[in-house]
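Reproduced below: my_file17.cif, with mmCIF, C-alpha atoms; chains and numbers go by the auth columns.
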data_work
#
loop_
_atom_site.group_PDB
_atom_site.id
_atom_site.type_symbol
_atom_site.label_atom_id
_atom_site.label_comp_id
_atom_site.label_asym_id
_atom_site.label_seq_id
_atom_site.Cartn_x
_atom_site.Cartn_y
_atom_site.Cartn_z
_atom_site.B_iso_or_equiv
_atom_site.auth_seq_id
_atom_site.auth_asym_id
ATOM 1 C CA MET A 1 84.216 78.510 29.773 0.00 1 L
ATOM 2 C CA PRO A 2 85.721 81.075 27.356 0.00 2 L
ATOM 3 C CA THR A 3 84.089 81.736 24.014 0.00 3 L
ATOM 4 C CA ILE A 4 86.107 80.063 21.298 0.00 4 L
ATOM 5 C CA ALA A 5 85.796 80.884 17.613 0.00 5 L
ATOM 6 C CA PRO A 6 84.084 78.186 15.516 0.00 6 L
ATOM 7 C CA ALA A 7 87.238 77.805 13.391 0.00 7 L
ATOM 8 C CA LEU A 8 89.212 76.782 16.455 0.00 8 L
ATOM 9 C CA ILE A 9 86.424 74.432 17.544 0.00 9 L
ATOM 10 C CA ALA A 10 86.714 72.790 14.113 0.00 10 L
ATOM 11 C CA VAL A 11 90.434 72.223 14.724 0.00 11 L
ATOM 12 C CA VAL A 12 89.806 70.670 18.122 0.00 12 L
ATOM 13 C CA ILE A 13 87.176 68.321 16.684 0.00 13 L
ATOM 14 C CA ALA A 14 89.274 67.383 13.652 0.00 14 L
ATOM 15 C CA VAL A 15 92.435 66.810 15.667 0.00 15 L
ATOM 16 C CA GLY A 16 90.471 64.938 18.327 0.00 16 L
ATOM 17 C CA ALA A 17 88.923 62.597 15.782 0.00 17 L
ATOM 18 C CA ALA A 18 92.287 61.959 14.154 0.00 18 L
ATOM 19 C CA SER A 19 93.868 61.332 17.553 0.00 19 L
ATOM 20 C CA VAL A 20 91.750 58.251 18.234 0.00 20 L
ATOM 21 C CA CYS A 21 94.526 56.114 16.722 0.00 21 L
ATOM 22 C CA ALA A 22 97.235 58.749 16.613 0.00 22 L
ATOM 23 C CA GLN A 23 99.762 56.507 18.345 0.00 23 L
ATOM 24 C CA ASP A 24 99.771 54.324 15.209 0.00 24 L
ATOM 25 C CA LEU A 25 99.970 57.141 12.635 0.00 25 L
ATOM 26 C CA PRO A 26 103.326 58.506 11.430 0.00 26 L
ATOM 27 C CA LYS A 27 104.696 61.201 13.765 0.00 27 L
ATOM 28 C CA ARG A 28 104.509 64.832 12.625 0.00 28 L
ATOM 29 C CA LYS A 29 107.669 66.872 12.419 0.00 29 L
ATOM 30 C CA PRO A 30 107.756 69.288 15.391 0.00 30 L
ATOM 31 C CA GLY A 31 107.200 72.939 14.515 0.00 31 L
ATOM 32 C CA LEU A 32 104.573 75.218 13.008 0.00 32 L
ATOM 33 C CA TRP A 33 101.934 73.526 10.846 0.00 33 L
ATOM 34 C CA GLN A 34 99.257 75.180 8.732 0.00 34 L
ATOM 35 C CA HIS A 35 96.009 73.196 8.592 0.00 35 L
ATOM 36 C CA ASN A 36 93.496 73.954 5.849 0.00 36 L
ATOM 37 C CA MET A 37 90.147 72.319 6.595 0.00 37 L
ATOM 38 C CA THR A 38 86.984 72.023 4.592 0.00 38 L
ATOM 39 C CA THR A 39 83.768 70.739 6.095 0.00 39 L
ATOM 40 C CA ILE A 40 81.918 68.913 3.352 0.00 40 L
ATOM 41 C CA GLY A 41 78.203 69.636 3.250 0.00 41 L
ATOM 42 C CA GLY A 42 78.295 71.751 6.394 0.00 42 L
ATOM 43 C CA PRO A 43 77.742 75.418 7.184 0.00 43 L
ATOM 44 C CA MET A 44 81.369 76.186 8.044 0.00 44 L
ATOM 45 C CA PRO A 45 83.465 77.938 5.400 0.00 45 L
ATOM 46 C CA PRO A 46 86.937 76.564 4.631 0.00 46 L
ATOM 47 C CA THR A 47 89.190 77.249 7.597 0.00 47 L
ATOM 48 C CA SER A 48 92.942 77.794 7.812 0.00 48 L
ATOM 49 C CA VAL A 49 94.741 77.690 11.139 0.00 49 L
ATOM 50 C CA THR A 50 98.326 77.354 12.315 0.00 50 L
ATOM 51 C CA MET A 51 99.383 75.105 15.182 0.00 51 L
ATOM 52 C CA CYS A 52 102.703 74.865 16.998 0.00 52 L
ATOM 53 C CA THR A 53 103.347 71.226 17.868 0.00 53 L
ATOM 54 C CA ASP A 54 105.959 68.874 19.265 0.00 54 L
ATOM 55 C CA GLU A 55 106.180 65.199 20.275 0.00 55 L
ATOM 56 C CA ARG A 56 104.632 65.950 23.690 0.00 56 L
ATOM 57 C CA MET A 57 101.582 67.583 22.075 0.00 57 L
ATOM 58 C CA ASP A 58 101.098 64.678 19.666 0.00 58 L
ATOM 59 C CA LYS A 59 101.472 62.207 22.553 0.00 59 L
ATOM 60 C CA MET A 60 98.832 64.104 24.535 0.00 60 L
ATOM 61 C CA LEU A 61 96.444 63.794 21.578 0.00 61 L
ATOM 62 C CA ALA A 62 97.191 60.072 21.261 0.00 62 L
ATOM 63 C CA ASP A 63 96.649 59.566 25.001 0.00 63 L
ATOM 64 C CA ARG A 64 93.267 61.360 24.766 0.00 64 L
ATOM 65 C CA GLY A 65 92.294 58.918 22.031 0.00 65 L
ATOM 66 C CA ASP A 66 93.328 55.983 24.222 0.00 66 L
ATOM 67 C CA ALA A 67 91.196 57.350 27.066 0.00 67 L
ATOM 68 C CA GLN A 68 88.004 57.328 25.000 0.00 68 L
ATOM 69 C CA ARG A 69 85.633 54.395 25.346 0.00 69 L
ATOM 70 C CA CYS A 70 86.334 52.725 22.016 0.00 70 L
ATOM 71 C CA SER A 71 85.345 49.190 21.080 0.00 71 L
ATOM 72 C CA GLN A 72 87.403 49.397 17.890 0.00 72 L
ATOM 73 C CA GLN A 73 90.538 51.370 16.999 0.00 73 L
ATOM 74 C CA THR A 74 92.582 50.352 13.988 0.00 74 L
ATOM 75 C CA VAL A 75 95.154 51.862 11.680 0.00 75 L
ATOM 76 C CA ARG A 76 96.169 49.987 8.565 0.00 76 L
ATOM 77 C CA ARG A 77 98.377 50.807 5.627 0.00 77 L
ATOM 78 C CA ASP A 78 96.606 50.868 2.238 0.00 78 L
ATOM 79 C CA GLY A 79 99.063 51.698 -0.533 0.00 79 L
ATOM 80 C CA ASN A 80 100.541 55.102 0.308 0.00 80 L
ATOM 81 C CA ALA A 81 97.836 55.969 2.864 0.00 81 L
ATOM 82 C CA ASP A 82 97.032 55.182 6.485 0.00 82 L
ATOM 83 C CA VAL A 83 93.388 54.237 7.068 0.00 83 L
ATOM 84 C CA VAL A 84 92.017 54.944 10.549 0.00 84 L
ATOM 85 C CA GLU A 85 88.790 53.367 11.809 0.00 85 L
ATOM 86 C CA ALA A 86 87.226 53.695 15.225 0.00 86 L
ATOM 87 C CA VAL A 87 83.958 53.014 17.005 0.00 87 L
ATOM 88 C CA CYS A 88 83.676 54.988 20.246 0.00 88 L
ATOM 89 C CA MET A 89 81.033 56.048 22.743 0.00 89 L
ATOM 90 C CA GLN A 90 80.626 59.719 23.627 0.00 90 L
ATOM 91 C CA GLN A 91 77.884 60.317 26.138 0.00 91 L
ATOM 92 C CA ASN A 92 75.124 57.990 24.842 0.00 92 L
ATOM 93 C CA THR A 93 76.132 58.252 21.186 0.00 93 L
ATOM 94 C CA THR A 94 78.061 55.726 19.123 0.00 94 L
ATOM 95 C CA VAL A 95 80.595 57.586 16.981 0.00 95 L
ATOM 96 C CA ARG A 96 81.947 55.702 13.954 0.00 96 L
ATOM 97 C CA THR A 97 84.929 57.391 12.353 0.00 97 L
ATOM 98 C CA LYS A 98 86.859 56.469 9.244 0.00 98 L
ATOM 99 C CA GLY A 99 89.762 58.527 7.985 0.00 99 L
ATOM 100 C CA ARG A 100 92.379 58.217 5.276 0.00 100 L
ATOM 101 C CA PHE A 101 95.671 60.125 5.610 0.00 101 L
ATOM 102 C CA SER A 102 98.693 60.310 3.355 0.00 102 L
ATOM 103 C CA GLY A 103 101.910 62.302 3.165 0.00 103 L
ATOM 104 C CA ASP A 104 105.361 62.228 4.682 0.00 104 L
ATOM 105 C CA PHE A 105 104.283 64.000 7.934 0.00 105 L
ATOM 106 C CA ASN A 106 107.585 65.944 7.791 0.00 106 L
ATOM 107 C CA SER A 107 106.505 68.593 5.305 0.00 107 L
ATOM 108 C CA HIS A 108 102.918 67.694 4.336 0.00 108 L
ATOM 109 C CA TYR A 109 99.988 65.399 4.967 0.00 109 L
ATOM 110 C CA SER A 110 96.375 65.384 3.907 0.00 110 L
ATOM 111 C CA GLY A 111 93.312 63.354 4.645 0.00 111 L
ATOM 112 C CA GLU A 112 89.576 62.963 4.796 0.00 112 L
ATOM 113 C CA MET A 113 87.475 61.955 7.771 0.00 113 L
ATOM 114 C CA HIS A 114 83.889 60.815 7.944 0.00 114 L
ATOM 115 C CA SER A 115 82.088 60.318 11.265 0.00 115 L
ATOM 116 C CA THR A 116 78.527 59.228 11.944 0.00 116 L
ATOM 117 C CA PHE A 117 76.654 59.748 15.214 0.00 117 L
ATOM 118 C CA ASP A 118 73.944 57.275 16.373 0.00 118 L
ATOM 119 C CA PRO A 119 71.774 58.658 17.799 0.00 119 L
ATOM 120 C CA PRO A 120 72.564 62.135 16.430 0.00 120 L
ATOM 121 C CA MET A 121 74.681 64.252 18.778 0.00 121 L
ATOM 122 C CA HIS A 122 73.163 67.709 19.280 0.00 122 L
ATOM 123 C CA GLY A 123 71.335 67.293 15.964 0.00 123 L
ATOM 124 C CA MET A 124 74.484 66.247 14.113 0.00 124 L
ATOM 125 C CA LYS A 125 74.116 62.937 12.232 0.00 125 L
ATOM 126 C CA GLU A 126 77.440 62.997 10.434 0.00 126 L
ATOM 127 C CA SER A 127 80.586 65.011 9.875 0.00 127 L
ATOM 128 C CA ARG A 128 82.871 65.030 6.821 0.00 128 L
ATOM 129 C CA GLN A 129 86.125 66.943 6.710 0.00 129 L
ATOM 130 C CA LYS A 130 89.082 67.341 4.380 0.00 130 L
ATOM 131 C CA ILE A 131 92.384 68.344 5.939 0.00 131 L
ATOM 132 C CA ASP A 132 95.524 69.545 4.196 0.00 132 L
ATOM 133 C CA ALA A 133 98.483 70.298 6.469 0.00 133 L
ATOM 134 C CA ARG A 134 101.886 71.801 5.623 0.00 134 L
ATOM 135 C CA TRP A 135 104.946 72.332 7.812 0.00 135 L
ATOM 136 C CA LEU A 136 105.886 76.017 7.795 0.00 136 L
ATOM 137 C CA GLY A 137 109.096 75.815 9.856 0.00 137 L
ATOM 138 C CA PRO A 138 109.977 76.187 13.518 0.00 138 L
ATOM 139 C CA CYS A 139 107.355 77.650 15.846 0.00 139 L
ATOM 140 C CA LYS A 140 107.402 81.452 16.025 0.00 140 L
ATOM 141 C CA PRO A 141 109.270 83.139 18.891 0.00 141 L
ATOM 142 C CA GLY A 142 107.006 83.162 21.947 0.00 142 L
ATOM 143 C CA GLN A 143 104.839 80.281 20.721 0.00 143 L
ATOM 144 C CA LYS A 144 104.598 77.078 22.693 0.00 144 L
ATOM 145 C CA PRO A 145 103.377 73.632 21.616 0.00 145 L
ATOM 146 C CA GLY A 146 99.581 73.570 21.401 0.00 146 L
ATOM 147 C CA ASP A 147 99.227 77.221 20.342 0.00 147 L
ATOM 148 C CA VAL A 148 96.560 77.437 17.617 0.00 148 L
ATOM 149 C CA GLU A 149 95.734 80.602 15.688 0.00 149 L
ATOM 150 C CA ALA A 150 93.236 81.372 12.946 0.00 150 L
ATOM 151 C CA HIS A 151 93.562 84.446 10.734 0.00 151 L
ATOM 152 C CA GLY A 152 92.105 87.445 12.520 0.00 152 L
ATOM 153 C CA MET A 153 91.180 85.510 15.667 0.00 153 L
ATOM 154 C CA LYS A 154 92.761 85.299 19.078 0.00 154 L
ATOM 155 C CA GLY A 155 94.552 81.996 19.492 0.00 155 L
ATOM 156 C CA VAL A 156 94.205 79.349 22.164 0.00 156 L
ATOM 157 C CA ASN A 157 96.541 76.713 23.516 0.00 157 L
ATOM 158 C CA MET A 158 95.024 73.283 22.856 0.00 158 L
ATOM 159 C CA HIS A 159 97.161 71.635 25.505 0.00 159 L
ATOM 160 C CA GLU A 160 95.842 73.994 28.182 0.00 160 L
ATOM 161 C CA MET A 161 92.288 73.812 26.847 0.00 161 L
ATOM 162 C CA MET A 162 92.167 70.022 26.559 0.00 162 L
ATOM 163 C CA LYS A 163 94.214 68.834 29.510 0.00 163 L
ATOM 164 C CA GLY A 164 91.165 68.727 31.755 0.00 164 L
ATOM 165 C CA MET A 165 88.464 68.467 29.081 0.00 165 L
ATOM 166 C CA ASP A 166 86.659 65.192 28.613 0.00 166 L
ATOM 167 C CA PRO A 167 84.299 64.323 25.721 0.00 167 L
ATOM 168 C CA GLN A 168 81.284 65.507 27.730 0.00 168 L
ATOM 169 C CA GLN A 169 82.859 68.938 28.193 0.00 169 L
ATOM 170 C CA MET A 170 83.503 69.087 24.436 0.00 170 L
ATOM 171 C CA GLN A 171 79.837 68.323 23.796 0.00 171 L
ATOM 172 C CA GLU A 172 78.778 70.983 26.302 0.00 172 L
ATOM 173 C CA MET A 173 80.936 73.484 24.424 0.00 173 L
ATOM 174 C CA MET A 174 79.177 72.488 21.179 0.00 174 L
ATOM 175 C CA ARG A 175 75.766 72.867 22.873 0.00 175 L
ATOM 176 C CA GLN A 176 76.702 76.377 23.986 0.00 176 L
ATOM 177 C CA MET A 177 77.713 77.208 20.415 0.00 177 L
ATOM 178 C CA GLU A 178 74.294 76.078 19.189 0.00 178 L
ATOM 179 C CA GLN A 179 72.542 78.224 21.807 0.00 179 L
ATOM 180 C CA LYS A 180 74.476 81.263 20.602 0.00 180 L
ATOM 181 C CA GLY A 181 73.375 80.578 17.033 0.00 181 L
ATOM 182 C CA MET A 182 76.695 79.127 15.879 0.00 182 L
ATOM 183 C CA LYS A 183 76.473 75.784 14.116 0.00 183 L
ATOM 184 C CA PRO A 184 79.020 73.181 15.186 0.00 184 L
ATOM 185 C CA PRO A 185 81.163 71.745 12.375 0.00 185 L
ATOM 186 C CA GLN A 186 79.356 69.029 10.422 0.00 186 L
#

Represent the supplied structure as structure tokens.
Amino acid sequence: MPTIAPALIAVVIAVGAASVCAQDLPKRKPGLWQHNMTTIGGPMPPTSVTMCTDERMDKMLADRGDAQRCSQQTVRRDGNADVVEAVCMQQNTTVRTKGRFSGDFNSHYSGEMHSTFDPPMHGMKESRQKIDARWLGPCKPGQKPGDVEAHGMKGVNMHEMMKGMDPQQMQEMMRQMEQKGMKPPQ
């Protein structure tokens, strides 16, 4: 498996967690989005990445969420925000995720996610992230939906990377990061 920068791993994890109930969240405007992410209480510095997306990419993320073994998946409106809650199994770990997202999803959205892992997954007991996303315009010439880039790092295509990846493969990727001395996002 190719080495992937921790910033891009953070995107995959954040987008994957948000995708659990993505079919019920407002649809993002297709095009180039900039995602600024902060891991609260973790070793990762704030991360900014751009992602080219379209309806097909968002549907793929929603379908991945549907494929997870989840005993609970809900999205409810609370004022001007969408609250996402899920309880899913990944390997032998129960993952409880709660997120709150707001914005018009055409030009901007933001949110916070908190996940707990019982028992801890690869030493990780919980993960907290803040996400702020802004639409930059159409995707750049030559970009295709799923292309993700972080400043100064070679990009990857999430669609290509994830189309055959199951949650166990994601955890194996995190284990390899730990072995190389890189901390997974917390």

Please evaluate the PyMOL selection byres ((chain L and resi 134-142) around 12) against the structure above and give the resulting residues as number ranges by chain. L: 28-37, 48-54, 103-110, 131-133, 143-149

For stretch 25-27 of chain L, list every protein, DNA or RNA residue within 12 Å, evaluated using only C-alpha atoms, and leave out those in the same chain fewer than 3 positions away; present the list as JSON, numbers by chain. {"L": [18, 19, 20, 21, 22, 30, 53, 54, 55, 56, 57, 58, 59, 61, 62, 73, 74, 75, 76, 77, 80, 81, 82, 83, 84, 85, 99, 100, 101, 102, 103, 104, 105, 106, 107, 108, 109]}

Atom CA of L:Ser115 sits from atom CA of L:Thr94 at a separation of 10.0 Å

Considering all atoms listed in the file, can you say which of L:Ala150, L:Cys70, L:Met121, L:Ile40 comes closest to L:Val87? L:Cys70

Using the file's own x, y and z axes, so that the box edges lie along x, y and z, what centre and edge lengths in Å (one decimal) does a box around every listed atom of stretch 126-144 of chain L get when 5 Å is added on each side? Give it as lines of an AutoDock Vina configuration file.
center_x = 93.7
center_y = 73.1
center_z = 13.4
size_x = 42.5
size_y = 30.2
size_z = 28.5

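With all atoms listed in the file as the atoms that count, the minimum distance from L:Lys125 to the choices L:Glu112, L:Arg96, L:Met158, L:Asp78 is reached by L:Arg96.
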
Hey, can you check how far atom CA of L:Thr38 sits from atom CA of L:Thr116? 17.0 Å

Counting all atoms listed in the file, the residue among L:Met44, L:Cys88, L:Thr93, L:Lys98 that lies closest to L:Asp118 is L:Thr93

Atom completion result for stretch 137-148 of chain L (all heavy atoms) as a tab-separated table (two decimals), in the coordinates of the input:
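See out28.tsv below for the written result:
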chain	number	residue	atom	x	y	z
L	137	GLY	N	107.77	75.58	9.28
L	137	GLY	CA	109.10	75.82	9.86
L	137	GLY	C	109.01	75.72	11.37
L	137	GLY	O	108.02	75.24	11.92
L	138	PRO	N	110.02	76.19	12.05
L	138	PRO	CA	109.98	76.19	13.52
L	138	PRO	C	108.83	77.07	14.02
L	138	PRO	O	108.39	77.98	13.32
L	138	PRO	CB	111.33	76.77	13.93
L	138	PRO	CG	112.19	76.67	12.72
L	138	PRO	CD	111.28	76.72	11.54
L	139	CYS	N	108.38	76.80	15.23
L	139	CYS	CA	107.36	77.65	15.85
L	139	CYS	C	107.91	79.06	15.97
L	139	CYS	O	109.11	79.27	16.11
L	139	CYS	CB	106.96	77.11	17.22
L	139	CYS	SG	106.16	75.49	17.12
L	140	LYS	N	107.00	80.04	15.92
L	140	LYS	CA	107.40	81.45	16.02
L	140	LYS	C	107.92	81.75	17.43
L	140	LYS	O	107.51	81.09	18.40
L	140	LYS	CB	106.20	82.35	15.74
L	140	LYS	CG	105.67	82.24	14.33
L	140	LYS	CD	104.42	83.11	14.19
L	140	LYS	CE	103.76	82.92	12.84
L	140	LYS	NZ	102.49	83.66	12.74
L	141	PRO	N	108.81	82.74	17.56
L	141	PRO	CA	109.27	83.14	18.89
L	141	PRO	C	108.07	83.46	19.79
L	141	PRO	O	107.12	84.13	19.38
L	141	PRO	CB	110.10	84.39	18.62
L	141	PRO	CG	110.56	84.25	17.20
L	141	PRO	CD	109.42	83.56	16.49
L	142	GLY	N	108.09	82.93	21.00
L	142	GLY	CA	107.01	83.16	21.95
L	142	GLY	C	105.89	82.13	21.87
L	142	GLY	O	105.06	82.06	22.76
L	143	GLN	N	105.86	81.33	20.82
L	143	GLN	CA	104.84	80.28	20.72
L	143	GLN	C	105.29	79.07	21.53
L	143	GLN	O	106.48	78.81	21.66
L	143	GLN	CB	104.62	79.84	19.28
L	143	GLN	CG	103.75	80.75	18.48
L	143	GLN	CD	103.43	80.15	17.11
L	143	GLN	OE1	104.30	79.57	16.45
L	143	GLN	NE2	102.20	80.31	16.69
L	144	LYS	N	104.30	78.33	22.02
L	144	LYS	CA	104.60	77.08	22.69
L	144	LYS	C	103.74	75.98	22.08
L	144	LYS	O	102.68	76.27	21.46
L	144	LYS	CB	104.38	77.20	24.19
L	144	LYS	CG	102.98	77.56	24.61
L	144	LYS	CD	102.91	77.78	26.11
L	144	LYS	CE	101.48	78.19	26.47
L	144	LYS	NZ	101.34	78.58	27.83
L	145	PRO	N	104.15	74.72	22.19
L	145	PRO	CA	103.38	73.63	21.62
L	145	PRO	C	101.92	73.67	22.08
L	145	PRO	O	101.63	73.88	23.26
L	145	PRO	CB	104.09	72.38	22.12
L	145	PRO	CG	105.51	72.84	22.29
L	145	PRO	CD	105.38	74.25	22.81
L	146	GLY	N	101.02	73.51	21.12
L	146	GLY	CA	99.58	73.57	21.40
L	146	GLY	C	98.96	74.89	21.00
L	146	GLY	O	97.74	75.00	20.92
L	147	ASP	N	99.78	75.93	20.75
L	147	ASP	CA	99.23	77.22	20.34
L	147	ASP	C	98.59	77.09	18.96
L	147	ASP	O	99.23	76.61	18.02
L	147	ASP	CB	100.31	78.30	20.30
L	147	ASP	CG	100.69	78.82	21.67
L	147	ASP	OD1	100.02	78.45	22.66
L	147	ASP	OD2	101.65	79.61	21.75
L	148	VAL	N	97.32	77.50	18.86
L	148	VAL	CA	96.56	77.44	17.62
L	148	VAL	C	96.04	78.83	17.33
L	148	VAL	O	95.49	79.49	18.21
L	148	VAL	CB	95.36	76.46	17.74
L	148	VAL	CG1	94.54	76.44	16.47
L	148	VAL	CG2	95.84	75.07	18.09
